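Trainee: start37.csv is reproduced below (CSV, C-alpha atoms and all ligand atoms).
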```
chain,number,residue,atom,x,y,z
A,1,MET,CA,23.3,28.2,2.1
A,2,THR,CA,24.4,28.3,-1.4
A,3,PRO,CA,23.0,25.6,-3.8
A,4,ARG,CA,26.3,23.8,-3.6
A,5,GLU,CA,26.4,23.8,0.2
A,6,GLU,CA,22.8,22.5,0.1
A,7,LEU,CA,23.8,19.7,-2.2
A,8,LEU,CA,26.8,18.8,-0.1
A,9,ALA,CA,24.6,18.7,3.0
A,10,GLU,CA,22.2,16.4,1.2
A,11,VAL,CA,24.9,14.1,0.0
A,12,ALA,CA,26.4,14.0,3.5
A,13,GLU,CA,23.0,13.0,4.9
A,14,LEU,CA,22.6,10.4,2.2
A,15,GLY,CA,26.0,9.0,3.2
A,16,ARG,CA,24.9,8.8,6.9
A,17,GLU,CA,21.8,6.9,5.8
A,18,PHE,CA,23.8,4.5,3.7
A,19,THR,CA,26.0,3.9,6.7
A,20,ARG,CA,23.0,3.3,9.0
A,21,LEU,CA,21.6,0.8,6.5
A,22,GLY,CA,24.9,-0.9,6.1
A,23,TRP,CA,25.0,-0.2,2.3
A,24,SER,CA,28.8,0.1,2.5
A,25,ARG,CA,29.5,-0.5,-1.2
A,26,ARG,CA,27.7,2.7,-2.0
A,27,LEU,CA,29.8,4.9,0.3
A,28,GLN,CA,32.9,5.3,-1.7
A,29,PRO,CA,31.2,6.4,-4.9
A,30,LEU,CA,29.2,8.8,-2.8
A,31,ARG,CA,32.4,10.2,-1.2
A,32,ASP,CA,33.9,10.6,-4.6
A,33,TYR,CA,30.9,12.6,-5.7
A,34,TYR,CA,31.0,14.7,-2.5
A,35,ALA,CA,34.6,15.6,-3.3
A,36,ALA,CA,33.7,16.4,-6.9
A,37,VAL,CA,30.9,18.7,-5.7
A,38,ALA,CA,33.1,20.4,-3.2
A,39,ALA,CA,35.6,21.0,-6.0
A,40,GLY,CA,32.9,22.8,-8.0
A,41,GLN,CA,31.4,20.1,-10.2
A,42,GLU,CA,27.7,19.5,-10.2
A,43,ARG,CA,27.7,16.1,-11.8
A,44,THR,CA,30.0,13.2,-12.6
A,45,GLU,CA,29.7,10.3,-14.9
A,46,ARG,CA,27.6,8.4,-12.4
A,47,TRP,CA,26.1,11.0,-10.1
A,48,SER,CA,24.0,14.1,-10.5
A,49,PRO,CA,21.8,16.2,-8.2
A,50,ASN,CA,18.8,14.4,-9.7
A,51,LEU,CA,20.1,11.0,-8.6
A,52,VAL,CA,20.8,12.4,-5.1
A,53,ALA,CA,17.3,13.8,-4.9
A,54,GLY,CA,15.8,10.5,-6.2
A,55,LEU,CA,17.8,8.4,-3.7
A,56,ARG,CA,16.8,10.7,-0.8
A,57,ARG,CA,13.2,10.4,-1.7
A,58,VAL,CA,13.3,6.6,-1.7
A,59,LEU,CA,15.2,6.5,1.6
A,60,GLY,CA,12.7,8.8,3.2
A,61,LEU,CA,15.0,11.8,3.6
A,62,GLY,CA,13.8,15.4,3.3
A,63,LYS,CA,10.5,17.0,2.4
A,64,ALA,CA,9.9,15.0,-0.8
A,65,ALA,CA,10.3,11.6,1.0
A,66,LEU,CA,8.0,9.0,-0.5
A,67,PRO,CA,5.5,7.1,1.6
A,68,ILE,CA,6.2,3.5,2.4
A,69,GLY,CA,3.4,1.1,1.6
A,70,THR,CA,2.4,-1.9,-0.4
A,71,ARG,CA,0.2,-0.2,-3.0
A,72,CYS,CA,-0.7,3.2,-4.4
A,73,PRO,CA,-1.4,5.6,-1.6
A,74,ARG,CA,-3.9,7.5,-3.6
A,75,CYS,CA,-6.0,5.0,-5.6
A,76,GLU,CA,-8.8,2.9,-4.1
A,77,VAL,CA,-8.3,-0.9,-4.1
A,78,PRO,CA,-10.1,-2.0,-7.2
A,79,GLN,CA,-13.2,-4.0,-6.3
A,80,ASP,CA,-13.1,-6.1,-9.5
A,81,GLY,CA,-9.5,-6.9,-9.4
A,82,SER,CA,-8.7,-4.7,-12.4
A,83,TRP,CA,-5.5,-3.3,-10.9
A,84,ALA,CA,-4.0,-0.9,-13.3
A,85,GLY,CA,-0.5,-1.8,-12.2
A,86,ALA,CA,2.6,-0.1,-11.2
A,87,ARG,CA,6.1,0.1,-12.5
A,88,THR,CA,9.4,-0.1,-10.7
A,89,THR,CA,11.3,3.1,-11.1
A,90,MET,CA,14.2,2.3,-8.8
A,91,HIS,CA,15.4,-0.9,-7.1
A,92,LEU,CA,17.8,-0.7,-4.2
A,93,GLU,CA,19.1,-3.2,-1.7
A,94,ASP,CA,15.9,-3.8,0.2
A,95,ARG,CA,13.3,-1.6,-1.4
A,96,TRP,CA,11.6,-0.7,-4.7
A,97,ALA,CA,10.3,2.7,-5.7
A,98,MET,CA,7.0,2.2,-7.5
A,99,GLU,CA,4.9,4.4,-9.7
A,100,CYS,CA,1.2,3.9,-10.1
A,101,ALA,CA,0.2,3.3,-13.7
A,102,LYS,CA,-3.1,5.0,-13.1
A,103,CYS,CA,-2.4,8.2,-11.2
A,104,GLY,CA,1.4,8.5,-11.3
A,105,SER,CA,1.8,8.5,-7.5
A,106,GLU,CA,5.0,7.1,-6.2
A,107,TRP,CA,5.7,5.0,-3.1
A,108,VAL,CA,8.3,2.7,-1.7
A,109,VAL,CA,7.9,-1.0,-1.1
A,110,LEU,CA,10.2,-2.6,1.5
A,111,GLU,CA,11.4,-6.1,0.6
A,112,ARG,CA,10.3,-7.5,4.0
A,113,GLU,CA,6.7,-6.4,3.0
A,114,ARG,CA,6.9,-7.5,-0.6
A,115,HIS,CA,4.8,-10.6,-0.2
A,116,HIS,CA,1.9,-8.4,0.7
A,117,ALA,CA,2.4,-6.1,-2.1
A,118,VAL,CA,-0.1,-5.7,-4.9
A,119,GLY,CA,3.0,-4.5,-6.8
A,120,SER,CA,3.7,-8.1,-7.5
A,121,SER,CA,1.8,-7.6,-10.7
A,122,ALA,CA,4.3,-4.8,-11.5
A,123,THR,CA,5.9,-4.7,-14.8
A,124,ARG,CA,9.6,-3.8,-15.0
A,125,ARG,CA,11.1,-1.5,-17.4
A,201,ZN,ZN,-2.6,5.5,-8.1
```
Rewrite the coordinates I just gave you, this time as structure tokens.
Mentor:
Amino acid sequence: MTPREELLAEVAELGREFTRLGWSRRLQPLRDYYAAVAAGQERTERWSPNLVAGLRRVLGLGKAALPIGTRCPRCEVPQDGSWAGARTTMHLEDRWAMECAKCGSEWVVLERERHHAVGSSATRR
């Protein structure tokens, strides 16, 4: 596959996931981007390969998919409560992508699990 074919396949898979999740308002912009890529563009005003890659990670698609959890998957739970914190890097309909302030690991918090999340101490950009 050429890089463009690969990007198109990734965009198509992302579209199927949006459909599965019922995120219909995201479908048309994604279709427009698909058409732009098919016509030879790599990026548009709103979309880029980076954004596609980021969304795919947060939605659990592909090899770089982020783990789902309520706190940093790498750091120990602090015994003394001195949680270093995490920041939100992306917020979608029902989930947040978080980045650990200590080690830089990333993970995804689903809204239905948010009340358990240590990320409630998170600071937003
Ligand atoms: Zn960490």
Trainee: For chain A against ligand ZN 201 (chain A), with a cut-off of 6 Å and counting only C-alpha atoms and all ligand atoms, what is the closest atom pair and its distance in Å to one decimal for every residue that makes the cut, ordered by chain and number, as JSON lines?
Mentor:
```
{"residue": "A:Cys72", "atom": "CA", "partner": "A:ZN201", "partner_atom": "ZN", "distance": 4.8}
{"residue": "A:Arg74", "atom": "CA", "partner": "A:ZN201", "partner_atom": "ZN", "distance": 5.1}
{"residue": "A:Cys75", "atom": "CA", "partner": "A:ZN201", "partner_atom": "ZN", "distance": 4.2}
{"residue": "A:Cys100", "atom": "CA", "partner": "A:ZN201", "partner_atom": "ZN", "distance": 4.6}
{"residue": "A:Lys102", "atom": "CA", "partner": "A:ZN201", "partner_atom": "ZN", "distance": 5.0}
{"residue": "A:Cys103", "atom": "CA", "partner": "A:ZN201", "partner_atom": "ZN", "distance": 4.1}
{"residue": "A:Gly104", "atom": "CA", "partner": "A:ZN201", "partner_atom": "ZN", "distance": 5.9}
{"residue": "A:Ser105", "atom": "CA", "partner": "A:ZN201", "partner_atom": "ZN", "distance": 5.4}
```
Trainee: In Å to one decimal, how far is CA of Arg31 in chain A from CA of Asp94 in chain A?
Mentor: 21.7 Å
Trainee: Find the spatial neighbours of range 89-92 of chain A, counting only C-alpha atoms, within a cut-off of 12 Å - ignore same-chain residues fewer than 6 positions away - and output them as number ranges by chain.
Mentor: A: 18, 21, 23, 26, 51, 54-59, 98-101, 104-111, 122-125
Trainee: For range 2-6 of chain A, work out the shell of residues within 9 Å, counting only C-alpha atoms and skipping chain neighbours fewer than 2 positions away, then give it as number ranges by chain.
Mentor: A: 8-11, 37-38, 40, 42
Trainee: In Å to one decimal, how far is CA of Asp32 in chain A from CA of Thr44 in chain A?
Mentor: 9.3 Å
Trainee: Find the distance between CA of Ser24 in chain A and CA of Leu7 in chain A and write it in Å to one decimal.
Mentor: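 Computing it gives 20.8 Å between the two atoms.
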Trainee: Counting all atoms listed in the file, figure out which residue out of A:Gln41, A:Leu66, A:Leu14, A:Trp47 gets nearest to Pro29 in chain A.
Mentor: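 Of A:Gln41, A:Leu66, A:Leu14, A:Trp47, the one nearest Pro29 in chain A is A:Trp47, counting all atoms listed in the file.
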Trainee: Rank nothing, just name the residue among A:Gly22, A:Asn50, A:Gly85, A:Arg112 nearest to Ile68 in chain A, using all atoms listed in the file.
Mentor: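 When distances to Ile68 in chain A are compared using all atoms listed in the file, the smallest one comes from A:Arg112.
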Trainee: Reconstruct N, CA and C atoms of range 10-28 of chain A; output as an mmCIF file, in the frame of the given file.
Mentor:
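Contents of rebuild-v2.cif, freshly written:
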```
data_model
loop_
_atom_site.group_PDB
_atom_site.id
_atom_site.type_symbol
_atom_site.label_atom_id
_atom_site.label_comp_id
_atom_site.auth_asym_id
_atom_site.auth_seq_id
_atom_site.Cartn_x
_atom_site.Cartn_y
_atom_site.Cartn_z
ATOM 1 N N GLU A 10 23.047 17.530 1.541
ATOM 2 C CA GLU A 10 22.200 16.400 1.200
ATOM 3 C C GLU A 10 22.958 15.149 0.889
ATOM 4 N N VAL A 11 24.098 15.308 0.221
ATOM 5 C CA VAL A 11 24.900 14.100 0.000
ATOM 6 C C VAL A 11 25.463 13.564 1.272
ATOM 7 N N ALA A 12 25.845 14.425 2.208
ATOM 8 C CA ALA A 12 26.400 14.000 3.500
ATOM 9 C C ALA A 12 25.268 13.196 4.260
ATOM 10 N N GLU A 13 24.063 13.724 4.209
ATOM 11 C CA GLU A 13 23.000 13.000 4.900
ATOM 12 C C GLU A 13 22.674 11.690 4.263
ATOM 13 N N LEU A 14 22.752 11.656 2.946
ATOM 14 C CA LEU A 14 22.600 10.400 2.200
ATOM 15 C C LEU A 14 23.644 9.389 2.651
ATOM 16 N N GLY A 15 24.860 9.859 2.804
ATOM 17 C CA GLY A 15 26.000 9.000 3.200
ATOM 18 C C GLY A 15 25.697 8.425 4.632
ATOM 19 N N ARG A 16 25.192 9.257 5.536
ATOM 20 C CA ARG A 16 24.900 8.800 6.900
ATOM 21 C C ARG A 16 23.807 7.693 6.838
ATOM 22 N N GLU A 17 22.854 7.878 5.923
ATOM 23 C CA GLU A 17 21.800 6.900 5.800
ATOM 24 C C GLU A 17 22.315 5.583 5.209
ATOM 25 N N PHE A 18 23.181 5.683 4.207
ATOM 26 C CA PHE A 18 23.800 4.500 3.700
ATOM 27 C C PHE A 18 24.545 3.728 4.772
ATOM 28 N N THR A 19 25.267 4.476 5.606
ATOM 29 C CA THR A 19 26.000 3.900 6.700
ATOM 30 C C THR A 19 25.056 3.165 7.673
ATOM 31 N N ARG A 20 23.982 3.865 8.026
ATOM 32 C CA ARG A 20 23.000 3.300 9.000
ATOM 33 C C ARG A 20 22.406 2.002 8.424
ATOM 34 N N LEU A 21 22.171 1.980 7.118
ATOM 35 C CA LEU A 21 21.600 0.800 6.500
ATOM 36 C C LEU A 21 22.578 -0.290 6.204
ATOM 37 N N GLY A 22 23.848 0.043 6.347
ATOM 38 C CA GLY A 22 24.900 -0.900 6.100
ATOM 39 C C GLY A 22 25.161 -1.122 4.581
ATOM 40 N N TRP A 23 24.821 -0.135 3.783
ATOM 41 C CA TRP A 23 25.000 -0.200 2.300
ATOM 42 C C TRP A 23 26.444 0.296 2.013
ATOM 43 N N SER A 24 27.428 -0.416 2.505
ATOM 44 C CA SER A 24 28.800 0.100 2.500
ATOM 45 C C SER A 24 29.343 0.234 1.054
ATOM 46 N N ARG A 25 28.912 -0.619 0.143
ATOM 47 C CA ARG A 25 29.500 -0.500 -1.200
ATOM 48 C C ARG A 25 29.077 0.775 -1.904
ATOM 49 N N ARG A 26 28.073 1.445 -1.374
ATOM 50 C CA ARG A 26 27.700 2.700 -2.000
ATOM 51 C C ARG A 26 28.416 3.909 -1.444
ATOM 52 N N LEU A 27 29.171 3.701 -0.370
ATOM 53 C CA LEU A 27 29.800 4.900 0.300
ATOM 54 C C LEU A 27 30.906 5.493 -0.488
ATOM 55 N N GLN A 28 31.791 4.661 -1.035
ATOM 56 C CA GLN A 28 32.900 5.300 -1.700
ATOM 57 C C GLN A 28 32.528 6.079 -2.944
#
```
